[in-house]
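Undergrad: I'm passing along query.csv; it holds CSV, C-alpha atoms and all ligand atoms.
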chain,number,residue,atom,x,y,z
A,12,VAL,CA,13.4,-204.3,160.0
A,13,SER,CA,14.2,-200.6,159.9
A,14,VAL,CA,11.7,-197.9,160.7
A,15,SER,CA,11.8,-194.5,159.1
A,16,TRP,CA,9.9,-191.3,159.0
A,17,ARG,CA,10.0,-188.8,156.2
A,18,VAL,CA,9.7,-185.2,157.0
A,19,GLU,CA,8.8,-182.6,154.4
A,20,SER,CA,7.8,-179.1,154.8
A,21,THR,CA,7.8,-175.8,152.9
A,22,ARG,CA,7.9,-172.4,154.3
A,23,ARG,CA,6.2,-169.5,152.6
A,24,ILE,CA,8.2,-166.3,152.4
A,25,ALA,CA,6.7,-162.9,151.7
A,26,TYR,CA,8.2,-159.5,152.1
A,27,GLU,CA,7.9,-156.2,150.4
A,28,VAL,CA,10.7,-154.0,149.2
A,29,ALA,CA,9.4,-150.5,148.9
A,30,ILE,CA,10.9,-147.2,147.7
A,31,VAL,CA,9.6,-144.5,150.1
A,32,GLY,CA,10.6,-140.8,150.0
A,33,ASP,CA,11.0,-138.8,153.3
A,34,LEU,CA,11.1,-142.0,155.3
A,35,LEU,CA,12.0,-140.2,158.5
A,36,ASP,CA,9.3,-137.5,158.2
A,37,PRO,CA,6.9,-138.3,161.0
A,38,ALA,CA,4.1,-137.8,158.5
A,39,THR,CA,5.3,-140.7,156.4
A,40,PRO,CA,3.6,-143.8,157.9
A,41,ASP,CA,5.6,-146.6,156.3
A,42,LEU,CA,8.3,-147.1,158.8
A,43,ALA,CA,5.8,-147.0,161.7
A,44,ALA,CA,3.6,-149.5,160.0
A,45,ALA,CA,6.4,-151.9,159.3
A,46,TRP,CA,8.3,-151.6,162.6
A,47,LEU,CA,6.3,-150.0,165.4
A,48,ASP,CA,3.0,-151.8,165.1
A,49,GLY,CA,2.3,-154.3,167.8
A,50,PRO,CA,2.7,-154.2,171.6
A,51,PRO,CA,3.9,-151.0,173.2
A,52,GLY,CA,7.4,-150.9,174.6
A,53,ARG,CA,10.8,-150.3,173.4
A,54,ARG,CA,12.1,-151.3,170.0
A,55,LEU,CA,15.7,-152.1,169.1
A,56,VAL,CA,17.6,-150.2,166.4
A,57,VAL,CA,20.9,-151.7,165.1
A,58,ALA,CA,22.7,-148.9,163.3
A,59,ASP,CA,26.0,-148.3,161.6
A,60,ARG,CA,27.6,-145.8,163.9
A,61,ALA,CA,28.3,-143.2,161.2
A,62,VAL,CA,24.7,-143.5,160.0
A,63,TRP,CA,23.4,-143.0,163.5
A,64,GLU,CA,25.5,-139.9,164.0
A,65,LEU,CA,23.9,-138.5,160.8
A,66,TYR,CA,20.3,-139.6,161.2
A,67,GLY,CA,19.9,-140.8,164.8
A,68,GLU,CA,18.2,-137.7,166.1
A,69,ARG,CA,15.7,-137.7,163.2
A,70,LEU,CA,14.9,-141.4,163.8
A,71,ARG,CA,14.4,-140.8,167.5
A,72,ALA,CA,12.0,-137.9,166.8
A,73,TYR,CA,10.1,-140.2,164.3
A,74,VAL,CA,9.8,-142.9,166.9
A,75,ARG,CA,8.6,-140.4,169.6
A,76,ALA,CA,6.1,-138.9,167.2
A,77,HIS,CA,4.6,-142.3,166.8
A,78,GLY,CA,4.3,-142.8,170.6
A,79,ALA,CA,7.1,-145.3,170.9
A,80,ALA,CA,10.6,-145.5,172.2
A,81,CYS,CA,13.8,-147.2,171.0
A,82,GLU,CA,17.1,-148.4,172.2
A,83,VAL,CA,20.1,-148.3,170.0
A,84,ILE,CA,23.2,-150.4,169.4
A,85,ALA,CA,25.8,-148.7,167.2
A,86,LEU,CA,28.0,-151.0,165.1
A,87,ASP,CA,31.5,-150.2,164.0
A,88,PRO,CA,31.5,-149.2,160.4
A,89,GLY,CA,33.4,-150.7,157.5
A,90,GLU,CA,34.2,-154.1,156.1
A,91,GLY,CA,36.6,-154.9,158.9
A,92,ALA,CA,33.6,-154.8,161.3
A,93,LYS,CA,31.8,-157.6,159.6
A,94,ARG,CA,32.8,-159.9,162.4
A,95,ILE,CA,31.2,-162.5,164.6
A,96,ASP,CA,31.8,-160.6,167.8
A,97,GLN,CA,29.7,-157.7,166.5
A,98,VAL,CA,26.9,-160.3,165.8
A,99,LEU,CA,27.1,-161.5,169.4
A,100,ALA,CA,27.0,-157.9,170.6
A,101,VAL,CA,23.7,-157.4,168.7
A,102,VAL,CA,22.4,-160.7,170.3
A,103,ALA,CA,23.2,-159.2,173.7
A,104,ALA,CA,21.4,-156.0,172.8
A,105,CYS,CA,18.4,-158.0,171.6
A,106,ASP,CA,18.3,-159.7,175.0
A,107,SER,CA,18.6,-156.5,177.1
A,108,ALA,CA,16.0,-154.7,174.9
A,109,GLY,CA,13.5,-157.5,175.5
A,110,VAL,CA,13.0,-158.3,171.8
A,111,LEU,CA,10.1,-160.8,171.5
A,112,ARG,CA,10.0,-163.7,169.1
A,113,ARG,CA,7.4,-162.3,166.7
A,114,GLN,CA,6.0,-159.0,167.6
A,115,THR,CA,8.9,-156.6,168.0
A,116,PRO,CA,11.1,-156.5,164.9
A,117,ILE,CA,14.6,-155.2,165.1
A,118,LEU,CA,15.2,-152.2,162.8
A,119,VAL,CA,18.5,-152.3,161.0
A,120,PHE,CA,19.8,-149.0,159.7
A,121,GLY,CA,22.9,-148.8,157.6
A,122,GLY,CA,24.9,-150.2,154.7
A,123,GLY,CA,25.6,-153.7,153.6
A,124,VAL,CA,27.9,-154.4,156.5
A,125,ALA,CA,25.3,-153.4,159.2
A,126,LEU,CA,22.6,-155.4,157.3
A,127,ASP,CA,24.8,-158.5,157.1
A,128,VAL,CA,25.9,-158.3,160.7
A,129,ALA,CA,22.5,-157.5,162.2
A,130,GLY,CA,20.7,-159.9,159.9
A,131,LEU,CA,22.9,-162.7,161.1
A,132,ALA,CA,22.1,-161.8,164.7
A,133,ALA,CA,18.4,-161.6,163.9
A,134,SER,CA,18.6,-165.1,162.5
A,135,LEU,CA,20.4,-166.5,165.5
A,136,TYR,CA,18.7,-164.8,168.4
A,137,ARG,CA,16.0,-167.4,169.6
A,138,ARG,CA,16.6,-169.1,166.2
A,139,GLY,CA,15.2,-166.1,164.4
A,140,VAL,CA,13.4,-162.9,165.2
A,141,PRO,CA,11.9,-160.5,162.6
A,142,TRP,CA,13.8,-157.6,161.2
A,143,VAL,CA,13.1,-154.6,159.2
A,144,ARG,CA,15.8,-153.1,156.9
A,145,VAL,CA,16.4,-149.5,156.1
A,146,PRO,CA,19.4,-149.6,153.7
A,147,THR,CA,21.4,-146.3,153.6
A,148,THR,CA,24.1,-147.0,150.9
A,149,LEU,CA,23.4,-147.5,147.2
A,150,VAL,CA,25.0,-151.0,147.5
A,151,ALA,CA,22.5,-151.8,150.3
A,152,MET,CA,19.5,-150.2,148.6
A,153,ILE,CA,19.9,-152.2,145.3
A,154,ASP,CA,21.7,-155.3,146.4
A,155,ALA,CA,22.6,-156.3,150.0
A,156,GLY,CA,19.2,-154.9,151.2
A,157,VAL,CA,16.9,-156.7,148.9
A,158,GLY,CA,17.7,-160.5,149.3
A,159,VAL,CA,17.7,-162.8,152.2
A,160,LYS,CA,21.4,-163.4,152.9
A,161,THR,CA,23.3,-162.4,156.0
A,162,GLY,CA,26.9,-163.0,156.9
A,163,VAL,CA,30.2,-162.1,158.4
A,164,ASN,CA,33.8,-162.6,157.4
A,165,HIS,CA,35.7,-165.4,159.1
A,166,LEU,CA,39.1,-167.1,158.8
A,167,GLY,CA,40.1,-164.4,156.4
A,168,ARG,CA,37.3,-165.2,154.0
A,169,LYS,CA,34.4,-163.1,152.8
A,170,SER,CA,31.0,-163.9,154.3
A,171,LEU,CA,32.1,-167.4,155.3
A,172,ILE,CA,29.5,-167.6,158.1
A,173,GLY,CA,26.0,-166.6,157.4
A,174,SER,CA,22.4,-167.5,157.1
A,175,TYR,CA,19.3,-167.0,155.0
A,176,HIS,CA,16.9,-164.8,156.9
A,177,PRO,CA,14.2,-162.9,155.0
A,178,PRO,CA,13.3,-159.5,156.4
A,179,ALA,CA,9.8,-158.5,157.4
A,180,ALA,CA,10.1,-155.4,155.2
A,181,VAL,CA,12.7,-153.4,153.3
A,182,LEU,CA,12.2,-149.6,153.1
A,183,VAL,CA,14.4,-147.8,150.6
A,184,ASP,CA,14.7,-144.1,150.8
A,185,PRO,CA,17.2,-142.8,148.1
A,186,GLY,CA,17.4,-139.6,150.1
A,187,PHE,CA,20.0,-141.2,152.4
A,188,MET,CA,22.4,-141.1,149.5
A,189,ALA,CA,22.8,-137.4,150.0
A,190,THR,CA,25.4,-137.9,152.7
A,191,LEU,CA,27.3,-140.7,150.9
A,192,ASP,CA,30.8,-139.9,149.6
A,193,ARG,CA,31.7,-140.5,146.0
A,194,VAL,CA,33.6,-143.7,146.6
A,195,GLU,CA,30.4,-145.2,148.1
A,196,ILE,CA,28.2,-144.0,145.2
A,197,SER,CA,30.7,-145.6,142.8
A,198,ALA,CA,30.6,-148.8,144.8
A,199,GLY,CA,26.8,-148.9,144.4
A,200,LEU,CA,27.1,-148.2,140.7
A,201,ALA,CA,29.3,-151.3,140.4
A,202,GLU,CA,26.4,-153.5,141.7
A,203,ALA,CA,24.0,-151.7,139.4
A,204,ILE,CA,26.3,-152.3,136.4
A,205,LYS,CA,26.7,-155.9,137.5
A,206,ILE,CA,23.0,-156.7,137.5
A,207,ALA,CA,22.4,-154.6,134.3
A,208,LEU,CA,25.1,-156.5,132.4
A,209,VAL,CA,23.6,-159.9,133.1
A,210,ARG,CA,19.9,-159.1,133.0
A,211,ASP,CA,18.9,-155.7,131.6
A,212,ALA,CA,20.7,-154.1,128.6
A,213,GLY,CA,18.3,-151.1,128.9
A,214,LEU,CA,19.4,-150.5,132.4
A,215,PHE,CA,23.0,-150.6,131.3
A,216,GLU,CA,22.3,-147.9,128.8
A,217,LEU,CA,20.6,-145.8,131.5
A,218,ILE,CA,23.7,-146.2,133.7
A,219,ALA,CA,26.1,-145.6,130.9
A,220,GLY,CA,24.3,-142.3,130.1
A,221,SER,CA,24.3,-141.0,133.6
A,222,VAL,CA,27.5,-142.2,135.3
A,223,ALA,CA,29.6,-139.2,134.5
A,224,ALA,CA,27.1,-136.9,136.1
A,225,ILE,CA,26.5,-139.2,139.1
A,226,ALA,CA,30.1,-140.0,139.9
A,227,GLY,CA,31.6,-136.7,138.7
A,228,PRO,CA,32.7,-133.8,140.9
A,229,GLY,CA,29.6,-131.7,141.0
A,230,ARG,CA,27.7,-134.9,141.5
A,231,SER,CA,24.0,-135.1,140.5
A,232,PRO,CA,21.7,-137.3,142.5
A,233,VAL,CA,21.4,-140.9,141.6
A,234,ASP,CA,18.3,-141.3,139.5
A,235,ARG,CA,15.4,-142.8,141.3
A,236,GLU,CA,14.8,-144.8,138.1
A,237,LEU,CA,18.2,-146.2,138.3
A,238,VAL,CA,17.6,-147.4,141.9
A,239,SER,CA,14.2,-148.7,141.0
A,240,ARG,CA,15.2,-150.6,137.9
A,241,SER,CA,18.3,-152.1,139.7
A,242,ILE,CA,16.1,-153.4,142.5
A,243,ALA,CA,13.6,-154.8,140.0
A,244,ALA,CA,16.4,-156.6,138.0
A,245,MET,CA,17.9,-157.9,141.3
A,246,LEU,CA,14.6,-159.2,142.6
A,247,ASP,CA,13.8,-160.8,139.2
A,248,GLU,CA,17.1,-162.7,139.5
A,249,LEU,CA,16.9,-163.6,143.2
A,250,SER,CA,13.3,-164.2,144.0
A,251,ASP,CA,12.8,-167.7,142.6
A,252,ASN,CA,16.2,-168.9,144.0
A,253,LEU,CA,16.3,-167.3,147.4
A,254,TRP,CA,17.9,-170.3,149.1
A,255,GLU,CA,20.4,-170.7,146.2
A,256,GLU,CA,19.3,-174.2,145.4
A,257,ARG,CA,20.5,-173.4,141.9
A,258,LEU,CA,24.2,-172.5,142.2
A,259,GLU,CA,24.3,-171.0,138.7
A,260,ARG,CA,23.5,-167.4,139.8
A,261,LEU,CA,23.7,-164.5,137.5
A,262,ALA,CA,24.0,-162.3,140.6
A,263,ASP,CA,27.4,-163.9,141.1
A,264,PHE,CA,28.6,-162.0,138.1
A,265,GLY,CA,31.5,-159.9,139.3
A,266,HIS,CA,31.7,-162.0,142.5
A,267,THR,CA,34.0,-164.9,141.5
A,268,PHE,CA,37.3,-163.2,142.0
A,269,SER,CA,36.1,-160.1,144.0
A,270,PRO,CA,36.0,-161.8,147.4
A,271,GLY,CA,39.7,-162.7,147.2
A,272,ILE,CA,40.5,-159.2,145.8
A,273,GLU,CA,38.5,-157.5,148.5
A,274,MET,CA,40.0,-159.4,151.4
A,275,ALA,CA,43.5,-159.0,150.1
A,276,ALA,CA,43.2,-155.3,149.7
A,277,LEU,CA,41.1,-154.6,152.8
A,278,PRO,CA,40.3,-151.8,153.7
A,279,ARG,CA,41.7,-150.0,150.7
A,280,LEU,CA,39.2,-151.2,148.1
A,281,SER,CA,35.4,-151.0,148.7
A,282,HIS,CA,33.3,-154.1,148.0
A,283,GLY,CA,32.0,-152.3,144.9
A,284,ALA,CA,35.6,-151.6,143.7
A,285,ALA,CA,36.4,-155.3,144.0
A,286,VAL,CA,33.3,-156.1,142.1
A,287,ALA,CA,34.3,-153.7,139.3
A,288,LEU,CA,37.7,-155.3,139.0
A,289,ASP,CA,36.1,-158.7,138.8
A,290,ILE,CA,33.7,-157.5,136.1
A,291,ALA,CA,36.6,-156.0,134.1
A,292,LEU,CA,38.5,-159.2,134.4
A,293,SER,CA,35.5,-161.4,133.5
A,294,CYS,CA,34.9,-159.3,130.4
A,295,ALA,CA,38.4,-159.8,129.4
A,296,LEU,CA,38.0,-163.6,130.0
A,297,ALA,CA,34.8,-163.6,127.9
A,298,SER,CA,36.5,-161.7,125.1
A,299,GLY,CA,39.4,-164.1,125.2
A,300,ARG,CA,36.9,-166.9,124.5
A,301,GLY,CA,35.2,-165.1,121.7
A,302,LEU,CA,32.0,-164.9,123.8
A,303,LEU,CA,32.0,-161.2,124.1
A,304,ALA,CA,32.8,-158.7,121.4
A,305,ASP,CA,36.1,-156.8,122.2
A,306,ARG,CA,34.3,-153.5,121.7
A,307,ASP,CA,31.6,-154.4,124.3
A,308,GLY,CA,34.3,-155.4,126.8
A,309,GLU,CA,36.2,-152.1,126.2
A,310,ARG,CA,33.0,-150.1,126.5
A,311,ILE,CA,32.0,-151.8,129.8
A,312,ARG,CA,35.4,-151.0,131.2
A,313,ARG,CA,35.0,-147.4,130.0
A,314,VAL,CA,31.7,-147.2,131.8
A,315,LEU,CA,33.2,-148.6,135.0
A,316,ARG,CA,36.0,-146.0,134.9
A,317,GLY,CA,33.4,-143.3,134.2
A,318,ALA,CA,31.6,-144.5,137.3
A,319,GLY,CA,34.8,-143.8,139.3
A,320,LEU,CA,35.7,-147.5,139.6
A,321,PRO,CA,39.0,-149.3,139.0
A,322,VAL,CA,39.4,-151.8,136.2
A,323,CYS,CA,43.0,-152.9,137.1
A,324,ASP,CA,44.8,-152.9,140.4
A,325,GLU,CA,48.2,-153.9,141.7
A,326,VAL,CA,46.8,-156.3,144.3
A,327,ILE,CA,45.7,-158.6,141.5
A,328,SER,CA,48.1,-161.4,140.6
A,329,VAL,CA,47.5,-164.7,138.7
A,330,GLU,CA,48.1,-166.5,142.0
A,331,LEU,CA,45.4,-164.5,143.8
A,332,LEU,CA,43.0,-165.1,140.9
A,333,VAL,CA,43.6,-168.9,140.9
A,334,ALA,CA,43.1,-169.0,144.7
A,335,ALA,CA,39.9,-166.9,144.4
A,336,LEU,CA,38.6,-169.2,141.7
A,337,GLU,CA,39.3,-172.3,143.7
A,338,ALA,CA,37.5,-170.7,146.7
A,339,ALA,CA,34.6,-169.8,144.5
A,340,ALA,CA,34.4,-173.3,143.1
A,341,ARG,CA,34.3,-174.8,146.7
A,342,HIS,CA,31.5,-172.3,147.6
A,343,ARG,CA,29.7,-173.3,144.4
A,344,ASP,CA,29.8,-177.0,145.4
A,345,GLY,CA,32.8,-178.1,143.3
A,346,LEU,CA,32.2,-176.4,140.0
A,347,GLN,CA,33.5,-173.0,138.9
A,348,ARG,CA,30.1,-171.8,137.6
A,349,VAL,CA,31.6,-168.5,136.5
A,350,PRO,CA,29.2,-166.2,134.8
A,351,LEU,CA,30.7,-164.8,131.6
A,352,LEU,CA,28.9,-162.3,129.3
A,353,THR,CA,27.9,-163.2,125.8
A,354,GLY,CA,26.8,-159.6,125.2
A,355,ILE,CA,25.4,-156.7,127.2
A,356,GLY,CA,22.4,-158.1,129.0
A,357,SER,CA,23.2,-161.8,128.7
A,358,ALA,CA,25.5,-164.4,130.2
A,359,VAL,CA,26.5,-168.1,130.3
A,360,PHE,CA,28.2,-170.2,133.0
A,361,VAL,CA,31.5,-171.9,132.4
A,362,ASN,CA,33.4,-174.4,134.5
A,363,ASP,CA,36.7,-174.6,132.8
A,364,VAL,CA,38.5,-171.3,133.2
A,365,SER,CA,42.2,-172.1,133.1
A,366,GLU,CA,45.2,-170.4,134.7
A,367,GLY,CA,46.5,-169.5,131.2
A,368,GLU,CA,43.3,-167.7,130.4
A,369,LEU,CA,43.5,-165.7,133.6
A,370,GLU,CA,47.1,-164.7,132.7
A,371,THR,CA,46.0,-163.5,129.3
A,372,ALA,CA,43.0,-161.6,130.7
A,373,LEU,CA,45.1,-159.9,133.4
A,374,ALA,CA,47.8,-159.0,130.8
A,375,LEU,CA,45.1,-157.4,128.7
A,376,LEU,CA,43.9,-155.2,131.6
A,377,ARG,CA,47.4,-154.2,132.5
A,378,LYS,CA,48.1,-153.3,128.9
A,379,GLU,CA,45.0,-151.2,128.7
A,380,ALA,CA,45.9,-149.5,132.0
A,381,GLU,CA,49.3,-148.5,130.7
A,382,GLY,CA,48.0,-147.3,127.3
B,401,LIG,N1,23.9,-160.1,151.9
B,401,LIG,C1,24.0,-159.8,150.6
B,401,LIG,O1,23.2,-160.3,149.8
B,401,LIG,C2,25.0,-158.8,150.2
B,401,LIG,C3,24.9,-158.3,148.9
B,401,LIG,C4,25.8,-157.3,148.5
B,401,LIG,C5,26.8,-156.8,149.3
B,401,LIG,N2,26.8,-157.4,150.6
B,401,LIG,C6,27.8,-156.9,151.5
B,401,LIG,O2,27.6,-155.5,151.8
B,401,LIG,C7,28.9,-155.0,152.2
B,401,LIG,C8,29.1,-153.7,151.4
B,401,LIG,O3,28.0,-152.8,151.7
B,401,LIG,P1,28.2,-151.2,151.7
B,401,LIG,O4,28.9,-150.9,150.4
B,401,LIG,O5,26.9,-150.7,152.0
B,401,LIG,O6,29.3,-150.9,152.8
B,401,LIG,P2,29.2,-150.4,154.3
B,401,LIG,O7,28.0,-150.9,155.0
B,401,LIG,O8,30.5,-150.6,154.9
B,401,LIG,O9,28.9,-148.8,154.1
B,401,LIG,C9,29.9,-148.1,153.5
B,401,LIG,C10,30.3,-146.8,154.3
B,401,LIG,O10,29.3,-145.9,154.2
B,401,LIG,C11,28.9,-145.4,155.5
B,401,LIG,N3,27.5,-145.0,155.3
B,401,LIG,C12,26.4,-145.8,155.2
B,401,LIG,N4,25.3,-145.1,154.9
B,401,LIG,C13,25.7,-143.8,154.9
B,401,LIG,C14,25.0,-142.6,154.6
B,401,LIG,N5,23.7,-142.6,154.3
B,401,LIG,N6,25.7,-141.5,154.6
B,401,LIG,C15,27.0,-141.5,154.9
B,401,LIG,N7,27.7,-142.6,155.2
B,401,LIG,C16,27.1,-143.7,155.1
B,401,LIG,C17,29.2,-146.5,156.4
B,401,LIG,O11,29.5,-146.0,157.7
B,401,LIG,C18,30.5,-147.1,155.8
B,401,LIG,O12,31.6,-146.4,156.2
B,401,LIG,C19,29.9,-156.0,151.9
B,401,LIG,O13,30.4,-156.6,153.1
B,401,LIG,C20,29.2,-157.0,151.0
B,401,LIG,O14,29.7,-158.3,151.2
B,401,LIG,C21,25.9,-158.3,151.0
B,402,ZN,ZN,28.3,-157.5,145.8
Represent the structure contained in this file as structure tokens.
Ligand SMILES: NC(=O)c1ccc[n+]([C@@H]2O[C@H](COP(=O)([O-])OP(=O)(O)OC[C@H]3O[C@@H](n4cnc5c(N)ncnc54)[C@H](O)[C@@H]3O)[C@@H](O)[C@H]2O)c1
Ligand SMILES: [Zn+2]
TA:
Amino acid sequence: VSVSWRVESTRRIAYEVAIVGDLLDPATPDLAAAWLDGPPGRRLVVADRAVWELYGERLRAYVRAHGAACEVIALDPGEGAKRIDQVLAVVAACDSAGVLRRQTPILVFGGGVALDVAGLAASLYRRGVPWVRVPTTLVAMIDAGVGVKTGVNHLGRKSLIGSYHPPAAVLVDPGFMATLDRVEISAGLAEAIKIALVRDAGLFELIAGSVAAIAGPGRSPVDRELVSRSIAAMLDELSDNLWEERLERLADFGHTFSPGIEMAALPRLSHGAAVALDIALSCALASGRGLLADRDGERIRRVLRGAGLPVCDEVISVELLVAALEAAARHRDGLQRVPLLTGIGSAVFVNDVSEGELETALALLRKEAEG
């Protein structure tokens, strides 16, 4: 006779994503409330080195003004730094700073790379300590910073190792974008365009109407509404599937071929540029199937170019696309589950993209690029 026990449990998740202006002004209470409450003593900041150079003094002054002190570990910037050894360095910093299990959240300050690295460390140290996120790139404000995923690259593959570790809070101050260069703004626009195309046609119109000014030479600031609506659309998509039990994810739009493209072109193309290339290709695939009107596909590629993003690149070959699709299918538990647009604002998932279709789609992009 066998004996068995069945274990079942659910864990409630709650965190707030808030847009807060003048976050580092000592008179703004939000950061102190989310991060410095609790027992006195030092707090740990994990920061992208470039971000720390720009804003470290102001953060220190903020912490002092609130009667606290902090210790800092600066991470190497860039996609190449999304490595497990950086995660272990953060773990060591947690240990020497005396981070407690519940009461002394780590503050992570930087773009998607810093958030992914530090978030993985926060999920591993003592099997999980709380963390507060302050995203400083547009990509991180509207995408990497709002969900629960962490990760690092490994074995030459994007985000192969990672975890789901919800933050205690996310504080988004669009003001940090003032120091971002144009390439990084464009990268963020790629993620905004991604979520708009699968969920929010009105947001796509808003972006289409403002990209030229945002990405142009005399750059105007990214609209707060654009940030806010992108976050809203992203959270609508993510929040009832945080653990990705459903593998048909609209947020994967633009993320089927992009991991392979990004890793092959590292560090030349930003994450957002790789996403833009994937979007352009996915639109060509959708048009090839008659799912998406040709003129919509052409318009989307025009908007991407207007945002300073590439829609065709020499690194892309049919072999690379086939390999990326296979890797995506493995990641998606054996099925391709490729999101393809049926119009601006809506998508379906397909499981039978063929090599021939990829060839045709790529040929279309190359032809457009020449013409
Ligand atoms: N976990 C997720 O759900 C998720 C979602 C989307 C993207 N990501 C990951 O995020 C990463 C991309 O994030 P990213 O685009 O923020 O890249 P990033 O973190 O590398 O930042 C881009 C560059 O901007 C600099 N920087 C950051 N903030 C700045 C500021 N305010 N002023 C001046 N310079 C600043 C950084 O030093 C870096 O050189 C990719 O690795 C991607 O896989 C993760
Ligand atoms: Zn992305």
Undergrad: Counting all atoms listed in the file, select every polymer residue within 8 Å of (28.5, -162.8, 163.3) as defined in the file's coordinates, and provide the selection as an MDAnalysis selection string.
TA: chainID A and resid 93:99 128 131:132 162:164 172:173
Undergrad: Around (13.3, -159.5, 161.2) in the file's frame, which residues reach within 8 Å when counting all atoms listed in the file? Return as a PyMOL selection string?
TA: chain A and resi 116-118+130+133-134+139-143+176-180
Undergrad: Which protein, DNA or RNA residues have an atom within 8 Å of ligand LIG 401 (chain B), counting all atoms listed in the file, as a ChimeraX atom specification?
TA: /A:59-62,65,87-90,93,121-127,146-151,154-163,169-170,187-192,195,198-199,202,281-283
Undergrad: Excluding A:Leu288 and residues on its chain fewer than 5 positions from it, collect all residues at most 8 Å away from it, counting all atoms listed in the file, and give them as a list in words.
TA: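 Residues near the query, excluding close chain neighbours: Gly265, Ser269, Pro321, Val322, Cys323 and Asp324 of chain A.
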Undergrad: Which of these residues is nearest to A:Ala304, using only C-alpha atoms: A:Ala340, A:Ile355, A:Ile84, A:Ala335?
TA: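 Going through A:Ala340, A:Ile355, A:Ile84, A:Ala335 one by one, the smallest distance to A:Ala304 is for A:Ile355.
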Undergrad: Atom CA of A:Gly167 to atom CA of A:Gly271: how many Å, to one decimal?
TA: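 Spanning atom CA of A:Gly167 to atom CA of A:Gly271 is a straight-line distance of 9.4 Å.
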Undergrad: Can you tell me which residues surround A:Leu42 at a distance of at most 10 Å, considering all atoms listed in the file, apart from same-chain residues fewer than 4 positions away, and format the answer as a PyMOL selection string?
TA: chain A and resi 31+34-37+46-48+73-74+118+143-145+180-182
Undergrad: Provide the atom CA of A:Ala226 to atom CA of A:Ala287 distance in Å, to one decimal place.
TA: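 Between these atoms lies a distance of 14.3 Å.
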Undergrad: In Å, rounded to a single decimal, give me how far atom CA of A:Ala372 is from atom CA of A:Ala295.
TA: 5.1 Å
Undergrad: Pick out the residues sitting within 10 Å of A:Ala203, and hand them over as a PyMOL selection string; count all atoms listed in the file, and ignore anything fewer than 5 positions along from it in its own chain.
TA: chain A and resi 149-150+153-154+197-198+208+214-215+218+237-238+240-242+244-245+283
Undergrad: List the spatial neighbours of A:Pro350 as a VMD selection string - criterion: any atom at most 12 Å away, all atoms listed in the file, same-chain residues fewer than 3 positions off excluded.
TA: chain A and resid 205 to 206 208 to 210 258 to 268 289 to 290 292 to 294 296 to 297 302 339 343 346 to 347 353 to 354 357 to 364
Undergrad: Out of A:Ala380, A:Ala285, A:Leu320, A:Leu315, which residue has the shortest atom-to-atom distance to ligand ZN 402 (chain B) when counting only C-alpha atoms and all ligand atoms?
TA: A:Ala285
Undergrad: Can you work out which one of A:Ala219, A:Ala79, A:Ala44, A:Ile204 has the shortest atom-to-atom distance to A:Gly317, counting all atoms listed in the file?
TA: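 That would be A:Ala219, the residue with the smallest distance to A:Gly317.
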Undergrad: Between A:Glu366, A:Glu273, A:Glu381, A:Glu309, which residue has the minimum interatomic distance to ligand ZN 402 (chain B), considering all atoms listed in the file?
TA: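 Smallest separation from ligand ZN 402 (chain B) among the options: A:Glu273.
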Undergrad: Please reconstruct the missing atoms of stretch 196-205 of chain A (target: N, CA and C atoms) and return them as a CSV table (one decimal), keeping the file's coordinate frame.
TA:
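What follows is the written file part.csv:
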chain,number,residue,atom,x,y,z
A,196,ILE,N,29.2,-144.0,146.4
A,196,ILE,CA,28.2,-144.0,145.2
A,196,ILE,C,28.8,-144.9,144.1
A,197,SER,N,30.1,-144.7,143.9
A,197,SER,CA,30.7,-145.6,142.8
A,197,SER,C,30.5,-147.1,143.2
A,198,ALA,N,30.7,-147.4,144.4
A,198,ALA,CA,30.6,-148.8,144.8
A,198,ALA,C,29.2,-149.3,144.5
A,199,GLY,N,28.2,-148.5,144.7
A,199,GLY,CA,26.8,-148.9,144.4
A,199,GLY,C,26.6,-149.0,142.9
A,200,LEU,N,27.3,-148.1,142.1
A,200,LEU,CA,27.1,-148.2,140.7
A,200,LEU,C,27.7,-149.5,140.2
A,201,ALA,N,28.7,-150.0,140.8
A,201,ALA,CA,29.3,-151.3,140.4
A,201,ALA,C,28.3,-152.4,140.5
A,202,GLU,N,27.5,-152.4,141.6
A,202,GLU,CA,26.4,-153.5,141.7
A,202,GLU,C,25.3,-153.3,140.7
A,203,ALA,N,25.0,-152.0,140.4
A,203,ALA,CA,24.0,-151.7,139.4
A,203,ALA,C,24.4,-152.2,138.0
A,204,ILE,N,25.7,-151.9,137.7
A,204,ILE,CA,26.3,-152.3,136.4
A,204,ILE,C,26.3,-153.8,136.3
A,205,LYS,N,26.7,-154.5,137.5
A,205,LYS,CA,26.7,-155.9,137.5
A,205,LYS,C,25.3,-156.5,137.1
